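Q: Here you go, this is start-v5.cif (mmCIF, C-alpha atoms).
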```cif
data_coords
loop_
_atom_site.label_atom_id
_atom_site.label_comp_id
_atom_site.auth_asym_id
_atom_site.auth_seq_id
_atom_site.Cartn_x
_atom_site.Cartn_y
_atom_site.Cartn_z
CA MET A 1 25.48 23.29 18.19
CA ASN A 2 22.79 22.99 20.84
CA ARG A 3 21.02 19.83 21.98
CA PHE A 4 17.93 20.48 19.87
CA THR A 5 19.93 20.83 16.64
CA LYS A 6 21.86 17.64 17.41
CA ALA A 7 18.65 15.71 18.08
CA PHE A 8 17.11 17.12 14.91
CA GLU A 9 20.08 16.01 12.80
CA LYS A 10 19.97 12.59 14.40
CA TYR A 11 16.26 12.03 13.92
CA SER A 12 15.40 14.09 10.80
CA VAL A 13 16.13 11.37 8.22
CA GLY A 14 14.30 8.76 10.29
CA ILE A 15 11.32 11.01 10.89
CA LEU A 16 11.09 11.78 7.18
CA ALA A 17 11.07 8.03 6.42
CA TRP A 18 8.42 7.53 9.11
CA SER A 19 6.28 10.33 7.63
CA GLU A 20 6.48 8.71 4.17
CA CYS A 21 5.14 5.44 5.60
CA ILE A 22 2.41 7.07 7.64
CA GLY A 23 1.41 9.17 4.60
CA VAL A 24 0.99 6.07 2.44
CA LEU A 25 -0.83 4.19 5.22
CA PHE A 26 -3.12 7.20 5.67
CA ILE A 27 -4.40 6.66 2.08
CA LEU A 28 -5.46 3.14 3.10
CA LEU A 29 -7.10 4.45 6.28
CA ALA A 30 -9.06 6.88 4.11
CA ALA A 31 -10.13 3.95 1.89
CA LEU A 32 -11.33 2.07 4.99
CA PHE A 33 -13.23 5.20 6.08
CA PHE A 34 -14.99 5.25 2.67
CA GLN A 35 -15.77 1.54 2.97
CA PHE A 36 -17.08 1.32 6.51
CA TYR A 37 -18.32 4.82 7.33
CA LEU A 38 -19.68 5.91 3.92
CA ASN A 39 -20.65 2.31 3.06
CA GLU A 40 -18.89 2.21 -0.32
CA ILE A 41 -18.21 -1.43 -1.11
CA PRO A 42 -14.88 -1.75 -2.96
CA CYS A 43 -14.83 -3.27 -6.47
CA PRO A 44 -12.18 -5.91 -7.46
CA LEU A 45 -9.96 -3.26 -9.11
CA CYS A 46 -10.29 -1.05 -6.01
CA LEU A 47 -9.12 -3.97 -3.86
CA LEU A 48 -6.14 -4.50 -6.17
CA GLN A 49 -5.26 -0.81 -5.89
CA ARG A 50 -5.39 -1.02 -2.10
CA LEU A 51 -3.08 -4.04 -2.23
CA GLY A 52 -0.75 -2.06 -4.51
CA ILE A 53 -0.62 0.78 -1.97
CA LEU A 54 0.13 -1.75 0.80
CA LEU A 55 3.00 -3.00 -1.37
CA ILE A 56 4.28 0.58 -1.78
CA ALA A 57 4.29 0.95 2.01
CA LEU A 58 6.26 -2.26 2.55
CA PRO A 59 9.69 -1.17 1.17
CA LEU A 60 9.21 2.18 2.91
CA LEU A 61 8.75 0.24 6.17
CA MET A 62 11.95 -1.66 5.35
CA ASN A 63 13.63 1.76 5.17
CA LEU A 64 12.51 2.28 8.78
CA ARG A 65 13.33 -1.16 10.12
CA TYR A 66 16.57 -1.80 8.20
CA LYS A 67 19.02 0.70 6.80
CA ARG A 68 17.83 3.12 4.13
CA LYS A 69 18.72 1.58 0.78
CA ILE A 70 18.28 2.60 -2.84
CA ALA A 71 16.78 -0.88 -3.45
CA HIS A 72 13.85 -0.02 -1.17
CA TYR A 73 13.00 3.03 -3.25
CA ILE A 74 13.20 0.94 -6.43
CA LEU A 75 10.87 -1.71 -4.94
CA ALA A 76 8.43 1.01 -3.84
CA ASN A 77 8.52 2.44 -7.37
CA LEU A 78 7.84 -1.03 -8.81
CA ALA A 79 4.75 -1.36 -6.61
CA ALA A 80 3.70 2.22 -7.45
CA LEU A 81 4.01 1.45 -11.17
CA LEU A 82 1.76 -1.60 -10.75
CA THR A 83 -0.77 0.44 -8.73
CA ALA A 84 -0.75 3.22 -11.36
CA GLY A 85 -1.36 0.58 -14.07
CA ILE A 86 -4.36 -0.86 -12.21
CA ALA A 87 -5.79 2.62 -11.55
CA ALA A 88 -5.21 3.61 -15.19
CA ARG A 89 -7.19 0.58 -16.32
CA GLN A 90 -10.14 1.67 -14.17
CA VAL A 91 -9.88 5.24 -15.51
CA LEU A 92 -9.90 3.83 -19.07
CA LEU A 93 -12.96 1.71 -18.21
CA HIS A 94 -14.72 4.93 -17.18
CA ILE A 95 -13.61 6.73 -20.35
CA ASN A 96 -14.89 3.79 -22.42
CA ASP A 97 -18.31 4.15 -20.78
CA PRO A 98 -19.06 7.89 -20.93
CA VAL A 99 -22.76 7.39 -20.09
CA GLY A 100 -21.91 5.65 -16.81
CA GLN A 101 -21.08 7.65 -13.74
CA GLY A 102 -17.95 5.68 -12.91
CA TYR A 103 -17.55 3.59 -9.78
CA GLY A 104 -18.19 5.13 -6.39
CA ASP A 105 -18.53 8.71 -5.21
CA LEU A 106 -16.37 11.68 -6.13
CA PHE A 107 -13.75 13.09 -3.79
CA LEU A 108 -12.68 16.69 -4.55
CA GLY A 109 -14.06 16.32 -8.06
CA TYR A 110 -12.33 13.08 -8.96
CA HIS A 111 -13.13 9.41 -8.45
CA LEU A 112 -11.00 7.52 -5.95
CA TYR A 113 -9.26 5.50 -8.70
CA THR A 114 -8.23 8.74 -10.43
CA TRP A 115 -6.74 9.90 -7.13
CA VAL A 116 -4.88 6.60 -6.80
CA PHE A 117 -3.42 7.12 -10.28
CA ILE A 118 -2.32 10.68 -9.44
CA ILE A 119 -0.91 9.65 -6.04
CA SER A 120 0.99 6.71 -7.57
CA LEU A 121 2.65 9.06 -10.07
CA ILE A 122 3.53 11.49 -7.26
CA ILE A 123 5.04 8.59 -5.25
CA ILE A 124 7.13 7.49 -8.26
CA ILE A 125 8.49 11.02 -8.73
CA TYR A 126 9.07 11.51 -4.97
CA ASN A 127 10.89 8.18 -4.59
CA SER A 128 13.04 8.85 -7.66
CA VAL A 129 14.10 12.21 -6.24
CA MET A 130 14.65 10.85 -2.72
CA ALA A 131 16.74 7.93 -3.98
CA CYS A 132 19.21 10.45 -5.45
CA ILE A 133 19.99 12.00 -2.05
CA SER A 134 23.01 9.94 -1.06
CA GLU A 135 23.61 11.40 2.45
CA GLN A 136 20.64 9.50 3.88
CA TYR A 137 22.30 6.12 3.22
CA TYR A 138 24.96 6.85 5.87
CA HIS A 139 22.35 7.19 8.64
CA SER A 140 21.15 4.21 10.65
CA SER A 141 17.42 3.47 10.58
CA LEU A 142 14.94 5.02 13.00
CA TYR A 143 14.52 1.62 14.69
CA PHE A 144 18.03 1.87 16.14
CA HIS A 145 17.60 5.45 17.42
CA GLY A 146 16.67 4.56 20.97
CA LYS A 147 13.36 3.81 22.61
CA ILE A 148 11.34 6.52 20.84
CA GLY A 149 12.55 5.43 17.40
CA LYS A 150 11.68 1.81 18.11
CA TYR A 151 8.27 2.86 19.39
CA MET A 152 7.55 4.95 16.25
CA VAL A 153 8.58 2.11 13.91
CA ASN A 154 6.40 -0.34 15.83
CA ILE A 155 3.42 2.04 15.51
CA ALA A 156 3.87 2.16 11.71
CA LEU A 157 4.29 -1.63 11.49
CA THR A 158 1.23 -2.26 13.68
CA MET A 159 -0.80 0.12 11.50
CA PHE A 160 0.36 -1.75 8.39
CA ILE A 161 -0.54 -5.19 9.80
CA GLY A 162 -3.88 -3.90 11.15
CA ILE A 163 -4.86 -2.39 7.78
CA ALA A 164 -3.90 -5.60 5.92
CA VAL A 165 -5.91 -7.78 8.32
CA VAL A 166 -8.98 -5.50 8.31
CA ASN A 167 -8.93 -5.50 4.49
CA ALA A 168 -8.59 -9.30 4.42
CA ILE A 169 -11.61 -9.65 6.75
CA GLY A 170 -13.54 -7.15 4.58
CA ILE A 171 -12.76 -9.19 1.44
CA TYR A 172 -13.84 -12.38 3.18
CA PHE A 173 -17.24 -10.87 3.99
CA GLU A 174 -17.54 -9.28 0.54
CA CYS A 175 -16.53 -12.19 -1.70
CA GLY A 176 -15.78 -15.23 0.48
CA PHE A 177 -13.07 -17.33 -1.16
CA SER A 178 -14.41 -16.86 -4.71
CA GLN A 179 -13.77 -14.06 -7.20
CA CYS A 180 -15.35 -10.75 -6.22
CA PRO A 181 -18.32 -9.51 -8.32
CA ASP A 182 -17.60 -6.63 -10.74
CA ASN A 183 -20.18 -4.31 -9.20
CA PRO A 184 -20.71 -5.41 -5.60
CA VAL A 185 -23.84 -3.99 -3.95
CA HIS A 186 -23.74 -5.91 -0.67
CA TYR A 187 -21.50 -8.08 1.46
CA LYS A 188 -22.03 -11.63 0.17
CA LEU A 189 -21.60 -13.36 3.51
CA LEU A 190 -23.88 -10.95 5.40
CA MET A 191 -26.80 -11.57 3.01
CA ARG A 192 -27.15 -15.30 3.79
CA MET B 1 -8.37 -15.46 -3.59
CA LEU B 2 -7.14 -11.89 -3.27
CA ILE B 3 -7.52 -12.44 0.48
CA LEU B 4 -4.29 -14.51 0.40
CA ASN B 5 -2.30 -11.55 -0.93
CA TYR B 6 -3.57 -9.39 1.92
CA LEU B 7 -2.75 -12.08 4.48
CA LEU B 8 0.73 -12.48 2.96
CA ALA B 9 1.21 -8.70 3.28
CA ALA B 10 0.20 -8.94 6.97
CA ILE B 11 2.65 -11.84 7.46
CA ILE B 12 5.47 -9.84 5.83
CA GLY B 13 4.62 -6.93 8.15
CA GLY B 14 4.73 -9.27 11.15
CA LEU B 15 8.07 -10.75 10.10
CA LEU B 16 9.44 -7.25 9.53
CA MET B 17 8.48 -6.43 13.11
CA VAL B 18 10.23 -9.38 14.76
CA LYS B 19 13.08 -10.34 12.46
CA GLN B 20 15.61 -8.95 10.01
CA THR B 21 15.74 -11.41 7.13
CA LYS B 22 16.35 -11.24 3.38
CA TRP B 23 13.46 -13.67 2.76
CA LEU B 24 11.15 -10.68 3.12
CA TYR B 25 12.33 -9.42 -0.27
CA LEU B 26 11.33 -12.74 -1.86
CA LEU B 27 7.94 -12.61 -0.15
CA PHE B 28 7.52 -9.04 -1.39
CA PHE B 29 8.23 -10.16 -4.98
CA ILE B 30 5.80 -13.09 -4.65
CA ASN B 31 3.10 -10.72 -3.40
CA THR B 32 3.76 -8.19 -6.18
CA LEU B 33 3.71 -10.93 -8.82
CA GLY B 34 0.48 -12.30 -7.30
CA THR B 35 -1.13 -8.86 -7.50
CA PHE B 36 0.00 -8.47 -11.10
CA LEU B 37 -1.37 -11.91 -12.04
CA TRP B 38 -4.71 -11.10 -10.37
CA PHE B 39 -4.84 -7.87 -12.36
CA MET B 40 -4.09 -9.71 -15.62
CA HIS B 41 -6.67 -12.37 -14.76
CA HIS B 42 -9.29 -9.71 -14.13
CA THR B 43 -8.42 -7.80 -17.30
CA THR B 44 -8.32 -10.79 -19.64
CA ASN B 45 -11.58 -12.12 -18.18
CA ALA B 46 -13.24 -8.74 -18.78
CA LEU B 47 -12.01 -8.78 -22.37
CA GLY B 48 -13.45 -12.27 -22.81
CA LEU B 49 -10.07 -13.89 -23.42
CA ASN B 50 -10.26 -16.34 -20.48
CA LEU B 51 -6.51 -16.92 -20.45
#
```
If you took the structure in this file and wrote it as structure tokens, what would it be?
A:
Amino acid sequence: MNRFTKAFEKYSVGILAWSECIGVLFILLAALFFQFYLNEIPCPLCLLQRLGILLIALPLLMNLRYKRKIAHYILANLAALLTAGIAARQVLLHINDPVGQGYGDLFLGYHLYTWVFIISLIIIIYNSVMACISEQYYHSSLYFHGKIGKYMVNIALTMFIGIAVVNAIGIYFECGFSQCPDNPVHYKLLMR
Amino acid sequence: MLILNYLLAAIIGGLLMVKQTKWLYLLFFINTLGTFLWFMHHTTNALGLNL
């Protein structure tokens, strides 16, 4: 077995876990792109869905920082179930109002909340399948795989914290400390 | 006060970065429960139930 194969075996499980996290965090980056670049102000249900996706990312980050555990997949599935429920409610709101155009712009033919629903279901299926692969639980986490592993985990964690803080600041400007309006058209604090 | 849930998520992320503790699981559950309660609050308000 050459050096490359050995390194691949050592890092493959960790890199897969890292890719899962980055994939989930990428959804939130896309949401921030829609908010700040395309100027789509998120509705209260959209904000709840974003929080749900952050909660999906959290147990996956625990997989990176701690050992990979079946409990982390279950927690991620719990958060994904909640996110799917919130997205399903928004889809049902749209179905209940066929004259309305739904909230926000379309992306590849679907509204963003429909995408969140689809992605949540995919995450539930993916996590369920991944949790069944028992070999991964014998590997140590990426964080303990030398300097590069630690660096990669810290990148994912910094991304997570950055996204949470940027969203919190966005909510503060959108709604202040009160409940967000159902159909926001401007940032409340910037209109004073 | 959805902002608190986001800040709690950021705090959990920060703790995860510096420390290995089982309290993070509790904080995760509190955050998930908070999100669920916000969702229920929003839904019942929209239905006019004001629970």
Q: Mind pulling up the distance from CA of Ser120 (chain A) to CA of Ala80 (chain A)?
A: 5.2 Å
Q: Suppose a student applies the PyMOL selection byres ((chain A) within 6 of (chain B)) to this structure; what residues should they get, written as a PDB file with C-alpha atoms, keeping the file's coordinate frame?
A:
```pdb
ATOM      1  CA  ILE A 161      -0.540  -5.190   9.800  1.00  0.00           C
ATOM      2  CA  ALA A 164      -3.900  -5.600   5.920  1.00  0.00           C
ATOM      3  CA  ALA A 168      -8.590  -9.300   4.420  1.00  0.00           C
ATOM      4  CA  PHE A 177     -13.070 -17.330  -1.160  1.00  0.00           C
TER       5      PHE A 177
END
```
Q: Quick one: residues within 10 Å of Asn154 (chain A), only C-alpha atoms, excluding same-chain residues fewer than 2 positions away - as a count of residues only?
A: 17
Q: Rounded to one decimal place, report the CA of Leu58 (chain A)-CA of Ser19 (chain A) distance in Å.
A: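 Distance between the two atoms: 13.6 Å.
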Q: Find the residues around Trp115 (chain A) up to 10 Å (only C-alpha atoms counted), leave out those fewer than 5 positions away in its own chain, and share them as an mmCIF file with C-alpha atoms, in the coordinates of the input.
A:
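out_29.cif written:
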```cif
data_model
loop_
_atom_site.group_PDB
_atom_site.id
_atom_site.type_symbol
_atom_site.label_atom_id
_atom_site.label_comp_id
_atom_site.auth_asym_id
_atom_site.auth_seq_id
_atom_site.Cartn_x
_atom_site.Cartn_y
_atom_site.Cartn_z
ATOM 1 C CA ALA A 84 -0.750 3.220 -11.360
ATOM 2 C CA ALA A 87 -5.790 2.620 -11.550
ATOM 3 C CA LEU A 106 -16.370 11.680 -6.130
ATOM 4 C CA PHE A 107 -13.750 13.090 -3.790
ATOM 5 C CA LEU A 108 -12.680 16.690 -4.550
ATOM 6 C CA GLY A 109 -14.060 16.320 -8.060
ATOM 7 C CA TYR A 110 -12.330 13.080 -8.960
ATOM 8 C CA SER A 120 0.990 6.710 -7.570
ATOM 9 C CA LEU A 121 2.650 9.060 -10.070
#
```
Q: Which polymer residues, protein or nucleic acid, are no farther than 9 Å from (-12.4, 3.8, -11.2), counting only C-alpha atoms, as a list in words?
A: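 Within 9 Å of (-12.4, 3.8, -11.2), the protein and nucleic acid residues are Cys43, Leu45, Cys46, Ala87, Ala88, Arg89, Gln90, Val91, Leu92, Leu93, His94, Gly102, Tyr103, Gly104, His111, Leu112, Tyr113 and Thr114 of chain A.
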Q: Just give me the gap between CA of Tyr73 (chain A) and CA of Ile124 (chain A) in Å, one decimal is fine.
A: 8.9 Å
Q: Where's the centre, and what are the edge lengths in Å to one decimal, of a box along x, y and z enclosing all listed atoms of region 25-33 of chain B padded 5 Å per side, as JSON?
A:
```
{"center_x": 7.7, "center_y": -10.6, "center_z": -4.5, "size_x": 19.2, "size_y": 14.9, "size_z": 18.7}
```
Q: Starting from the shown file, work through the PyMOL selection byres ((chain A and resi 81) around 12) and note down what comes out as a ChimeraX atom specification.
A: /A:49,52-53,55-56,74-80,82-88,116-125,127 /B:32,36
Q: Which residues, named as in the file, does the PyMOL selection byres ((chain A and resi 184) around 12) pick out? Answer as a PDB file with C-alpha atoms, in the frame of the given file.
A:
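And here's selection-v8.pdb as it stands now:
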```
ATOM      1  CA  ASN A  39     -20.650   2.310   3.060  1.00  0.00           C
ATOM      2  CA  GLU A  40     -18.890   2.210  -0.320  1.00  0.00           C
ATOM      3  CA  ILE A  41     -18.210  -1.430  -1.110  1.00  0.00           C
ATOM      4  CA  PRO A  42     -14.880  -1.750  -2.960  1.00  0.00           C
ATOM      5  CA  CYS A  43     -14.830  -3.270  -6.470  1.00  0.00           C
ATOM      6  CA  PRO A  44     -12.180  -5.910  -7.460  1.00  0.00           C
ATOM      7  CA  LEU A  45      -9.960  -3.260  -9.110  1.00  0.00           C
ATOM      8  CA  CYS A  46     -10.290  -1.050  -6.010  1.00  0.00           C
ATOM      9  CA  LEU A  47      -9.120  -3.970  -3.860  1.00  0.00           C
ATOM     10  CA  TYR A 103     -17.550   3.590  -9.780  1.00  0.00           C
ATOM     11  CA  GLY A 104     -18.190   5.130  -6.390  1.00  0.00           C
ATOM     12  CA  ILE A 171     -12.760  -9.190   1.440  1.00  0.00           C
ATOM     13  CA  PHE A 173     -17.240 -10.870   3.990  1.00  0.00           C
ATOM     14  CA  GLU A 174     -17.540  -9.280   0.540  1.00  0.00           C
ATOM     15  CA  CYS A 175     -16.530 -12.190  -1.700  1.00  0.00           C
ATOM     16  CA  GLN A 179     -13.770 -14.060  -7.200  1.00  0.00           C
ATOM     17  CA  CYS A 180     -15.350 -10.750  -6.220  1.00  0.00           C
ATOM     18  CA  PRO A 181     -18.320  -9.510  -8.320  1.00  0.00           C
ATOM     19  CA  ASP A 182     -17.600  -6.630 -10.740  1.00  0.00           C
ATOM     20  CA  ASN A 183     -20.180  -4.310  -9.200  1.00  0.00           C
ATOM     21  CA  VAL A 185     -23.840  -3.990  -3.950  1.00  0.00           C
ATOM     22  CA  HIS A 186     -23.740  -5.910  -0.670  1.00  0.00           C
ATOM     23  CA  TYR A 187     -21.500  -8.080   1.460  1.00  0.00           C
ATOM     24  CA  LYS A 188     -22.030 -11.630   0.170  1.00  0.00           C
TER      25      LYS A 188
END
```
